[in-house]
file work_9.csv (CSV, C-alpha atoms and all ligand atoms)
chain,number,residue,atom,x,y,z
A,1,MET,CA,0.0,0.0,0.0
A,2,SER,CA,1.4,3.4,-0.9
A,3,LYS,CA,1.3,6.2,1.7
A,4,VAL,CA,-0.1,9.6,1.2
A,5,LEU,CA,0.2,12.8,3.4
A,6,VAL,CA,-2.8,15.0,3.8
A,7,THR,CA,-1.9,18.4,5.3
A,8,GLY,CA,-4.9,20.0,6.9
A,9,GLY,CA,-6.5,16.6,7.1
A,10,ALA,CA,-8.5,17.5,10.3
A,11,GLY,CA,-10.3,20.2,8.3
A,12,PHE,CA,-13.4,20.2,6.1
A,13,ILE,CA,-12.4,19.2,2.6
A,14,ALA,CA,-9.2,17.2,3.5
A,15,SER,CA,-10.9,15.0,6.1
A,16,HIS,CA,-13.1,13.7,3.3
A,17,ILE,CA,-9.9,12.9,1.3
A,18,VAL,CA,-8.7,10.9,4.3
A,19,ASP,CA,-12.0,9.0,4.4
A,20,ARG,CA,-11.6,8.2,0.7
A,21,TYR,CA,-7.9,7.3,0.7
A,22,ILE,CA,-7.7,5.3,3.9
A,23,VAL,CA,-9.6,2.5,2.1
A,24,ASN,CA,-6.6,1.5,0.1
A,25,HIS,CA,-3.7,3.6,1.3
A,26,GLU,CA,-1.7,4.4,4.4
A,27,VAL,CA,-2.6,7.9,5.3
A,28,ALA,CA,-0.7,10.5,7.4
A,29,VAL,CA,-2.3,13.8,8.5
A,30,LEU,CA,-0.3,16.9,9.5
A,31,ASP,CA,-2.6,19.5,11.1
A,32,ASP,CA,-2.1,22.0,13.8
A,33,LEU,CA,-5.8,21.9,14.8
A,34,SER,CA,-6.1,25.7,14.5
A,35,GLU,CA,-9.3,25.2,12.5
A,36,GLY,CA,-9.7,21.4,12.1
A,37,ARG,CA,-11.3,19.1,14.5
A,38,ILE,CA,-10.1,15.8,15.8
A,39,GLU,CA,-13.7,14.5,15.5
A,40,ASN,CA,-13.4,14.8,11.7
A,41,MET,CA,-10.8,11.9,11.8
A,42,ALA,CA,-12.4,10.0,14.6
A,43,PRO,CA,-13.2,6.7,12.7
A,44,HIS,CA,-9.5,6.4,11.7
A,45,LEU,CA,-7.5,7.3,14.9
A,46,SER,CA,-7.1,3.7,16.0
A,47,LYS,CA,-6.3,2.2,12.6
A,48,ASP,CA,-2.8,0.9,11.9
A,49,GLU,CA,-2.7,2.5,8.5
A,50,PHE,CA,-3.5,6.0,9.9
A,51,THR,CA,-1.0,8.4,11.5
A,52,PHE,CA,-1.9,11.8,13.0
A,53,ILE,CA,0.9,14.3,13.5
A,54,LYS,CA,-0.3,17.4,15.4
A,55,GLY,CA,2.1,20.0,14.0
A,56,THR,CA,2.5,22.9,11.6
A,57,ILE,CA,3.5,23.2,8.0
A,58,THR,CA,5.8,26.1,9.1
A,59,SER,CA,8.0,23.7,11.1
A,60,LYS,CA,10.8,21.8,9.3
A,61,GLU,CA,10.8,19.1,11.9
A,62,ASP,CA,7.0,18.5,11.8
A,63,VAL,CA,7.0,18.4,8.0
A,64,LYS,CA,10.1,16.0,7.9
A,65,LYS,CA,8.3,13.6,10.3
A,66,ALA,CA,5.1,13.8,8.3
A,67,LEU,CA,6.8,13.0,5.0
A,68,GLU,CA,8.3,9.7,6.2
A,69,GLY,CA,7.5,6.9,3.7
A,70,VAL,CA,5.1,9.2,1.7
A,71,SER,CA,4.8,9.1,-2.1
A,72,THR,CA,2.0,11.7,-2.7
A,73,VAL,CA,1.0,14.9,-0.8
A,74,PHE,CA,-2.4,16.5,-0.7
A,75,HIS,CA,-1.6,20.0,0.5
A,76,PHE,CA,-4.8,21.4,2.0
A,77,ALA,CA,-3.5,23.1,5.2
A,78,ALA,CA,-4.0,26.8,5.1
A,79,GLN,CA,-5.3,29.9,6.8
A,80,PRO,CA,-8.6,29.7,4.8
A,81,ASP,CA,-10.2,33.0,5.7
A,82,VAL,CA,-10.2,35.7,2.9
A,83,ARG,CA,-11.2,38.4,5.3
A,84,LEU,CA,-8.5,37.6,7.9
A,85,SER,CA,-5.9,37.7,5.0
A,86,ILE,CA,-6.9,41.3,4.5
A,87,ASP,CA,-6.7,42.3,8.1
A,88,ARG,CA,-3.4,40.4,8.8
A,89,PRO,CA,-1.5,40.1,5.4
A,90,VAL,CA,1.9,39.1,6.8
A,91,TRP,CA,0.5,36.5,9.1
A,92,ASP,CA,-1.5,35.0,6.2
A,93,PHE,CA,1.7,35.1,4.0
A,94,GLU,CA,3.7,33.3,6.8
A,95,ILE,CA,1.2,30.3,6.7
A,96,ASN,CA,0.0,30.2,3.2
A,97,VAL,CA,3.2,31.0,1.3
A,98,VAL,CA,6.1,30.5,3.7
A,99,GLY,CA,4.5,27.4,5.3
A,100,SER,CA,3.7,25.9,1.9
A,101,MET,CA,7.2,26.6,0.6
A,102,ASN,CA,8.6,24.9,3.7
A,103,LEU,CA,6.6,21.8,2.8
A,104,LEU,CA,7.6,21.9,-0.8
A,105,ASP,CA,11.3,22.3,-0.1
A,106,GLU,CA,11.2,19.4,2.5
A,107,MET,CA,9.5,17.3,-0.2
A,108,ARG,CA,12.4,18.1,-2.6
A,109,LYS,CA,14.9,17.1,0.1
A,110,SER,CA,13.0,13.9,0.9
A,111,ASP,CA,12.6,13.1,-2.8
A,112,VAL,CA,8.7,13.2,-2.6
A,113,LYS,CA,7.7,14.7,-5.9
A,114,ARG,CA,3.9,14.3,-6.3
A,115,ILE,CA,1.7,17.1,-4.9
A,116,LEU,CA,-2.0,18.1,-5.3
A,117,PHE,CA,-2.5,21.7,-4.0
A,118,ALA,CA,-5.8,23.2,-2.8
A,119,SER,CA,-5.8,26.5,-4.8
A,120,SER,CA,-8.8,28.6,-5.4
A,121,GLY,CA,-10.6,29.5,-8.7
A,122,GLY,CA,-12.6,32.5,-7.5
A,123,THR,CA,-9.7,34.3,-5.7
A,124,VAL,CA,-6.8,33.7,-8.1
A,125,TYR,CA,-8.7,35.0,-11.1
A,126,GLY,CA,-10.3,37.7,-8.9
A,127,GLU,CA,-11.6,40.6,-11.0
A,128,THR,CA,-11.9,39.1,-14.5
A,129,ASP,CA,-14.5,39.7,-17.2
A,130,VAL,CA,-14.0,36.3,-18.9
A,131,PHE,CA,-16.9,34.0,-17.9
A,132,PRO,CA,-16.8,31.1,-17.5
A,133,THR,CA,-13.1,31.5,-16.6
A,134,PRO,CA,-10.7,29.0,-18.1
A,135,GLU,CA,-7.3,28.0,-16.6
A,136,SER,CA,-5.5,30.1,-19.2
A,137,VAL,CA,-6.8,33.5,-17.8
A,138,SER,CA,-4.0,35.3,-15.9
A,139,PHE,CA,-4.3,36.0,-12.2
A,140,HIS,CA,-5.8,39.2,-10.9
A,141,PRO,CA,-6.4,38.5,-7.2
A,142,ILE,CA,-8.2,41.2,-5.1
A,143,SER,CA,-7.4,39.6,-1.8
A,144,ASN,CA,-4.2,38.6,-0.1
A,145,TYR,CA,-5.5,35.1,0.3
A,146,GLY,CA,-5.9,34.9,-3.5
A,147,ALA,CA,-2.4,36.4,-4.0
A,148,ALA,CA,-0.9,33.7,-1.7
A,149,LYS,CA,-2.6,30.9,-3.6
A,150,GLY,CA,-1.3,32.3,-6.9
A,151,ALA,CA,2.2,32.8,-5.6
A,152,PHE,CA,2.5,29.1,-4.4
A,153,GLU,CA,1.2,27.9,-7.8
A,154,MET,CA,4.1,29.8,-9.4
A,155,TYR,CA,6.5,27.8,-7.2
A,156,LEU,CA,4.8,24.5,-8.2
A,157,SER,CA,5.5,25.5,-11.8
A,158,SER,CA,9.2,26.2,-11.1
A,159,PHE,CA,9.7,23.1,-8.9
A,160,ALA,CA,8.1,21.0,-11.7
A,161,GLU,CA,10.6,22.4,-14.2
A,162,LEU,CA,13.7,22.4,-12.0
A,163,TYR,CA,13.3,19.2,-9.9
A,164,GLY,CA,10.9,17.1,-11.9
A,165,PHE,CA,7.8,17.5,-9.6
A,166,GLU,CA,4.3,16.3,-10.7
A,167,ALA,CA,2.0,19.0,-9.4
A,168,VAL,CA,-1.7,19.7,-9.8
A,169,SER,CA,-3.3,22.9,-8.6
A,170,CYS,CA,-7.0,22.3,-7.9
A,171,ARG,CA,-8.6,25.7,-8.5
A,172,PHE,CA,-11.7,25.1,-6.4
A,173,ALA,CA,-15.1,26.7,-6.6
A,174,ASN,CA,-16.7,27.3,-3.2
A,175,ILE,CA,-16.9,23.9,-1.7
A,176,ILE,CA,-19.9,23.0,0.5
A,177,GLY,CA,-20.9,20.1,2.6
A,178,PRO,CA,-20.7,18.3,6.0
A,179,ARG,CA,-17.9,19.4,8.3
A,180,SER,CA,-17.6,22.9,6.8
A,181,THR,CA,-17.7,25.6,9.4
A,182,HIS,CA,-17.2,28.6,7.3
A,183,GLY,CA,-18.7,30.3,4.2
A,184,VAL,CA,-21.9,31.9,3.3
A,185,ILE,CA,-24.3,28.9,4.0
A,186,TYR,CA,-22.7,28.4,7.5
A,187,ASP,CA,-23.0,32.1,8.2
A,188,PHE,CA,-26.7,32.3,7.1
A,189,TYR,CA,-27.5,29.2,9.3
A,190,MET,CA,-25.8,30.7,12.3
A,191,LYS,CA,-27.5,34.1,11.8
A,192,LEU,CA,-30.9,32.4,11.5
A,193,LYS,CA,-30.2,30.2,14.6
A,194,ARG,CA,-29.6,33.4,16.6
A,195,ASN,CA,-32.5,35.3,15.1
A,196,PRO,CA,-35.0,33.1,13.2
A,197,SER,CA,-37.2,36.0,12.1
A,198,LYS,CA,-34.6,38.0,10.0
A,199,LEU,CA,-31.6,37.3,7.8
A,200,VAL,CA,-29.3,40.2,7.0
A,201,VAL,CA,-27.4,39.6,3.8
A,202,LEU,CA,-24.1,41.4,3.1
A,203,GLY,CA,-24.4,43.2,-0.3
A,204,ASP,CA,-27.4,43.3,-2.6
A,205,GLY,CA,-27.9,39.6,-3.0
A,206,THR,CA,-26.9,39.6,-6.7
A,207,GLN,CA,-23.4,38.3,-6.1
A,208,GLU,CA,-23.2,35.0,-8.0
A,209,LYS,CA,-20.7,32.3,-7.5
A,210,ALA,CA,-19.6,28.8,-8.4
A,211,TYR,CA,-20.2,26.1,-5.8
A,212,MET,CA,-19.6,22.4,-5.6
A,213,TYR,CA,-20.7,19.7,-3.2
A,214,VAL,CA,-17.9,18.0,-1.3
A,215,GLU,CA,-18.6,14.4,-2.5
A,216,ASP,CA,-18.2,15.5,-6.1
A,217,THR,CA,-15.1,17.4,-5.1
A,218,ILE,CA,-13.4,14.3,-3.7
A,219,ASN,CA,-14.3,12.4,-6.9
A,220,ALA,CA,-12.6,15.1,-8.9
A,221,ILE,CA,-9.5,15.0,-6.6
A,222,GLU,CA,-9.2,11.3,-6.8
A,223,LEU,CA,-9.5,11.4,-10.6
A,224,LEU,CA,-6.8,14.1,-10.9
A,225,GLU,CA,-4.5,12.2,-8.6
A,226,ASN,CA,-4.8,9.1,-10.8
A,227,LYS,CA,-4.0,11.1,-13.9
A,228,MET,CA,-1.0,13.0,-12.6
A,229,LYS,CA,2.0,13.6,-14.9
A,230,PRO,CA,5.3,15.5,-14.8
A,231,GLY,CA,4.9,19.3,-14.8
A,232,HIS,CA,2.5,21.7,-13.2
A,233,THR,CA,-1.2,21.3,-14.2
A,234,PRO,CA,-3.8,23.8,-13.0
A,235,VAL,CA,-7.3,22.5,-13.2
A,236,ASN,CA,-10.6,24.3,-12.3
A,237,VAL,CA,-12.6,22.1,-10.0
A,238,GLY,CA,-16.3,23.1,-9.7
A,239,SER,CA,-19.7,21.7,-10.6
A,240,GLY,CA,-20.4,24.0,-13.5
A,241,GLU,CA,-23.4,25.5,-11.5
A,242,ARG,CA,-23.6,28.9,-9.9
A,243,LEU,CA,-26.0,30.3,-7.3
A,244,THR,CA,-26.8,33.9,-6.3
A,245,VAL,CA,-26.6,34.9,-2.7
A,246,THR,CA,-30.3,35.6,-2.7
A,247,ARG,CA,-31.0,32.0,-3.9
A,248,ILE,CA,-28.7,30.6,-1.2
A,249,ALA,CA,-30.6,32.7,1.4
A,250,GLU,CA,-33.9,31.3,0.1
A,251,LEU,CA,-32.6,27.7,0.2
A,252,VAL,CA,-31.2,28.0,3.7
A,253,VAL,CA,-34.5,29.6,5.0
A,254,GLU,CA,-36.5,26.8,3.3
A,255,SER,CA,-34.3,24.0,4.6
A,256,MET,CA,-34.5,25.4,8.1
A,257,ASN,CA,-38.3,25.5,7.7
A,258,LEU,CA,-38.5,29.2,8.5
A,259,PRO,CA,-41.1,30.5,6.0
A,260,ASP,CA,-41.7,33.8,7.9
A,261,ALA,CA,-38.0,34.8,8.0
A,262,LYS,CA,-37.4,38.2,6.3
A,263,ILE,CA,-34.4,38.5,4.1
A,264,GLU,CA,-32.8,42.0,4.2
A,265,TYR,CA,-29.8,43.4,2.4
A,266,THR,CA,-27.0,45.8,3.4
A,267,GLY,CA,-27.2,47.1,-0.2
A,268,SER,CA,-23.7,47.3,-1.7
A,269,LYS,CA,-22.6,45.5,-4.8
A,270,ARG,CA,-19.7,43.7,-3.0
A,271,GLY,CA,-20.4,41.8,0.2
A,272,TRP,CA,-17.1,43.1,1.8
A,273,ALA,CA,-13.6,44.4,0.6
A,274,GLY,CA,-11.9,41.5,-1.2
A,275,ASP,CA,-15.2,39.7,-2.1
A,276,VAL,CA,-15.2,38.7,-5.7
A,277,VAL,CA,-18.8,39.5,-6.9
A,278,ILE,CA,-19.0,36.9,-9.8
A,279,THR,CA,-17.1,33.7,-10.0
A,280,ASP,CA,-17.8,31.2,-12.8
A,281,ILE,CA,-15.0,28.8,-13.5
A,282,ASP,CA,-14.8,26.8,-16.8
A,283,ILE,CA,-14.7,23.1,-16.0
A,284,SER,CA,-14.2,21.8,-19.5
A,285,LEU,CA,-10.8,20.4,-18.7
A,286,LEU,CA,-12.0,18.6,-15.6
A,287,LYS,CA,-14.9,17.1,-17.6
A,288,SER,CA,-12.6,16.1,-20.5
A,289,LEU,CA,-10.6,14.0,-18.0
A,290,GLY,CA,-13.8,12.1,-17.1
A,291,TRP,CA,-15.4,13.9,-14.2
A,292,LYS,CA,-19.2,14.0,-14.0
A,293,PRO,CA,-21.4,15.6,-11.3
A,294,THR,CA,-23.5,13.3,-9.2
A,295,ILE,CA,-25.4,15.9,-7.1
A,296,LYS,CA,-27.5,18.9,-8.3
A,297,LEU,CA,-26.1,22.0,-6.5
A,298,GLU,CA,-29.4,23.0,-4.9
A,299,ASP,CA,-29.7,19.5,-3.4
A,300,GLY,CA,-26.2,19.9,-2.2
A,301,VAL,CA,-27.2,23.1,-0.3
A,302,ARG,CA,-30.1,21.3,1.2
A,303,LYS,CA,-28.0,18.3,2.3
A,304,TYR,CA,-25.4,20.6,3.9
A,305,VAL,CA,-28.1,22.5,5.8
A,306,LYS,CA,-29.5,19.2,7.0
A,307,TRP,CA,-26.1,18.3,8.4
A,308,LEU,CA,-25.7,21.7,10.1
A,309,LEU,CA,-29.1,21.2,11.8
A,310,SER,CA,-28.1,17.7,13.0
A,311,GLU,CA,-24.6,18.9,14.1
A,312,PHE,CA,-25.4,22.3,15.7
A,313,GLY,CA,-29.2,22.0,16.3
A,314,ASP,CA,-32.5,23.5,15.2
A,315,VAL,CA,-33.6,27.0,16.1
A,316,SER,CA,-34.5,27.0,19.7
A,401,LIG,N1,-13.7,25.5,1.3
A,401,LIG,C1,-13.6,26.1,0.1
A,401,LIG,O1,-14.6,26.5,-0.5
A,401,LIG,C2,-12.2,26.3,-0.5
A,401,LIG,C3,-12.2,26.9,-1.8
A,401,LIG,C4,-10.9,27.0,-2.4
A,401,LIG,C5,-9.8,26.6,-1.7
A,401,LIG,N2,-9.9,26.0,-0.5
A,401,LIG,C6,-8.7,25.6,0.1
A,401,LIG,O2,-8.8,24.2,0.5
A,401,LIG,C7,-8.1,23.9,1.7
A,401,LIG,C8,-9.0,23.4,2.8
A,401,LIG,O3,-10.1,24.3,3.0
A,401,LIG,P1,-11.2,24.0,4.1
A,401,LIG,O4,-12.4,24.8,3.6
A,401,LIG,O5,-11.4,22.5,4.2
A,401,LIG,O6,-10.6,24.7,5.4
A,401,LIG,P2,-10.4,24.1,6.9
A,401,LIG,O7,-10.1,25.3,7.7
A,401,LIG,O8,-11.5,23.3,7.3
A,401,LIG,O9,-9.1,23.2,6.7
A,401,LIG,C9,-7.8,23.8,6.8
A,401,LIG,C10,-7.0,22.9,7.8
A,401,LIG,O10,-5.7,23.4,7.8
A,401,LIG,C11,-5.3,23.3,9.2
A,401,LIG,N3,-4.2,24.3,9.3
A,401,LIG,C12,-4.2,25.6,9.3
A,401,LIG,N4,-3.0,26.2,9.4
A,401,LIG,C13,-2.1,25.1,9.6
A,401,LIG,C14,-0.7,25.0,9.7
A,401,LIG,N5,0.1,26.1,9.8
A,401,LIG,N6,-0.2,23.7,9.8
A,401,LIG,C15,-1.0,22.6,9.7
A,401,LIG,N7,-2.3,22.7,9.6
A,401,LIG,C16,-2.9,23.9,9.5
A,401,LIG,C17,-6.5,23.7,10.0
A,401,LIG,O11,-6.4,23.3,11.3
A,401,LIG,C18,-7.6,23.0,9.2
A,401,LIG,O12,-7.8,21.7,9.7
A,401,LIG,C19,-7.5,25.3,2.1
A,401,LIG,O13,-6.2,25.3,1.6
A,401,LIG,C20,-8.3,26.3,1.4
A,401,LIG,O14,-7.6,27.5,1.2
A,401,LIG,C21,-11.1,25.9,0.1
call {"tool": "encode", "arguments": {"input": "work_9.csv", "output": "structure tokens", "more": "lines below"}}
Ligand SMILES: NC(=O)c1ccc[n+]([C@@H]2O[C@H](COP(=O)([O-])OP(=O)(O)OC[C@H]3O[C@@H](n4cnc5c(N)ncnc54)[C@H](O)[C@@H]3O)[C@@H](O)[C@H]2O)c1
result
Amino acid sequence: MSKVLVTGGAGFIASHIVDRYIVNHEVAVLDDLSEGRIENMAPHLSKDEFTFIKGTITSKEDVKKALEGVSTVFHFAAQPDVRLSIDRPVWDFEINVVGSMNLLDEMRKSDVKRILFASSGGTVYGETDVFPTPESVSFHPISNYGAAKGAFEMYLSSFAELYGFEAVSCRFANIIGPRSTHGVIYDFYMKLKRNPSKLVVLGDGTQEKAYMYVEDTINAIELLENKMKPGHTPVNVGSGERLTVTRIAELVVESMNLPDAKIEYTGSKRGWAGDVVITDIDISLLKSLGWKPTIKLEDGVRKYVKWLLSEFGDVS
């Protein structure tokens, strides 16, 4: 059995990678538990083929230990909050760029040369007028988070060229589903739990973004890992479907069974500084590799809200 390392494996998306890969791989997780939860890995903690290293990608020692015996790395550890990256740019850089570079260079030294990286479609393309946006469009990030993702992709390109790495940058849509504790759906659920009669939406509700349900995301990741080749390959990973913020608000209200909740808007075009108003990634490349959606996006939103209700409770 080959061994994979999943950084950030206690977090939302990467814990689902662990669930999928543990079936026929040895899996190591490196996570500092700053955001991730030990419960997300609970079924695997006692398994011989599973190792959890509580540590940080910014530490050479932690990374070296985590890389022992590994052939492929899924690099998902990150400071994932766009708004925090704007308030604390150097801190964000230290984790998302310096930490990622630390991992990449330790991989080079340990001769581990396969890496799939959790990049971000919406934030690296940022302010573009090409819709849907293909991988060939150049970066124009409007947040430090997006800038950091783009910067690390550049290093994946140079490491592929200089040292023979196989690298895939998964430029994700907004991923939704069980275990996610951030993003617009989570925020709406929490707001409605606090006040079931009113939902205040940041912006005018017309912001429209690409989303994808997590199960379909893991299918895409597994497919891309199976098809890795030398060089750096960026691939947009989304469902091909978009939703407006207003439609998401309606779906959350409906799924929480709150027909009398009033939806109100703060009014501006952009939800907050750094918010990309429209994201729509072109998924032709992913589809050409054989990926197909299995879940309609609106059903994905409903399933996710159902999980939030079971995890954090109904409105009291
Ligand atoms: N969720 C999305 O919609 C989305 C979209 C595009 C890209 N991404 C990227 O996918 C990855 C996973 O995102 P997520 O939504 O699952 O977030 P998450 O916060 O649930 O997962 C990130 C994990 O990284 C861990 N971590 C943070 N700093 C660390 C460090 N210094 N060392 C080790 N571990 C550390 C956290 O504890 C957490 O478990 C991130 O890289 C994120 O930027 C997510």
call {"tool": "residues_near_ligand", "arguments": {"input": "work_9.csv", "ligand": "ligand LIG 401 (chain A)", "cutoff": "8 Å", "atoms": "only C-alpha atoms and all ligand atoms", "output": "number ranges by chain"}}
result
A: 7-15, 30-37, 54-58, 75-81, 95-96, 99, 117-122, 145, 149, 171-176, 179-183, 211
call {"tool": "closest_residue", "arguments": {"input": "work_9.csv", "among": "A:Ile185, A:Ile283, A:Val27, A:Val18", "to": "Ala66 in chain A", "atoms": "all atoms listed in the file"}}
result
A:Val27
call {"tool": "atom_distance", "arguments": {"input": "work_9.csv", "atom1": "CA of Cys170 in chain A", "atom2": "CA of Ile218 in chain A"}}
result
11.1 Å
call {"tool": "atom_distance", "arguments": {"input": "work_9.csv", "atom1": "CA of Pro234 in chain A", "atom2": "CA of Gln207 in chain A"}}
result
25.3 Å
call {"tool": "closest_residue", "arguments": {"input": "work_9.csv", "among": "A:Val124, A:Val6, A:Met256, A:Leu308", "to": "Ser143 in chain A", "atoms": "only C-alpha atoms"}}
result
A:Val124
call {"tool": "closest_residue", "arguments": {"input": "work_9.csv", "among": "A:Trp291, A:Phe165, A:Trp272, A:Tyr189", "to": "Ser239 in chain A", "atoms": "only C-alpha atoms"}}
result
A:Trp291
call {"tool": "residues_around", "arguments": {"input": "work_9.csv", "residues": "Val184 in chain A", "least_positions_apart": "4", "cutoff": "10 Å", "atoms": "all atoms listed in the file", "output": "PyMOL selection string"}}
result
chain A and resi 174+176+188-190+201-202+245+248-249
call {"tool": "write_last_selection", "arguments": {"input": "work_9.csv", "atoms": "C-alpha atoms", "output": "compact mmCIF listing (two decimals), keeping the file's coordinate frame"}}
result
# COMPACT_ATOMS: atom_id res chain seq x y z
CA ASN A 174 -16.70 27.30 -3.20
CA ILE A 176 -19.90 23.00 0.50
CA PHE A 188 -26.70 32.30 7.10
CA TYR A 189 -27.50 29.20 9.30
CA MET A 190 -25.80 30.70 12.30
CA VAL A 201 -27.40 39.60 3.80
CA LEU A 202 -24.10 41.40 3.10
CA VAL A 245 -26.60 34.90 -2.70
CA ILE A 248 -28.70 30.60 -1.20
CA ALA A 249 -30.60 32.70 1.40
call {"tool": "atom_distance", "arguments": {"input": "work_9.csv", "atom1": "CA of Thr266 in chain A", "atom2": "CA of Thr244 in chain A"}}
result
15.4 Å
call {"tool": "closest_residue", "arguments": {"input": "work_9.csv", "among": "A:Met228, A:Leu309, A:Met154, A:Val315", "to": "Ser197 in chain A", "atoms": "only C-alpha atoms"}}
result
A:Val315
call {"tool": "closest_residue", "arguments": {"input": "work_9.csv", "among": "A:His25, A:Arg242, A:His16, A:Lys229", "to": "Lys296 in chain A", "atoms": "only C-alpha atoms"}}
result
A:Arg242
call {"tool": "residues_around", "arguments": {"input": "work_9.csv", "residues": "Pro259 in chain A", "least_positions_apart": "2", "cutoff": "12 Å", "atoms": "only C-alpha atoms", "output": "PyMOL selection string"}}
result
chain A and resi 192+196-199+249-257+261-263
call {"tool": "closest_residue", "arguments": {"input": "work_9.csv", "among": "A:Asp216, A:Gly240, A:Asn144, A:Ile281", "to": "Gly177 in chain A", "atoms": "all atoms listed in the file"}}
result
A:Asp216
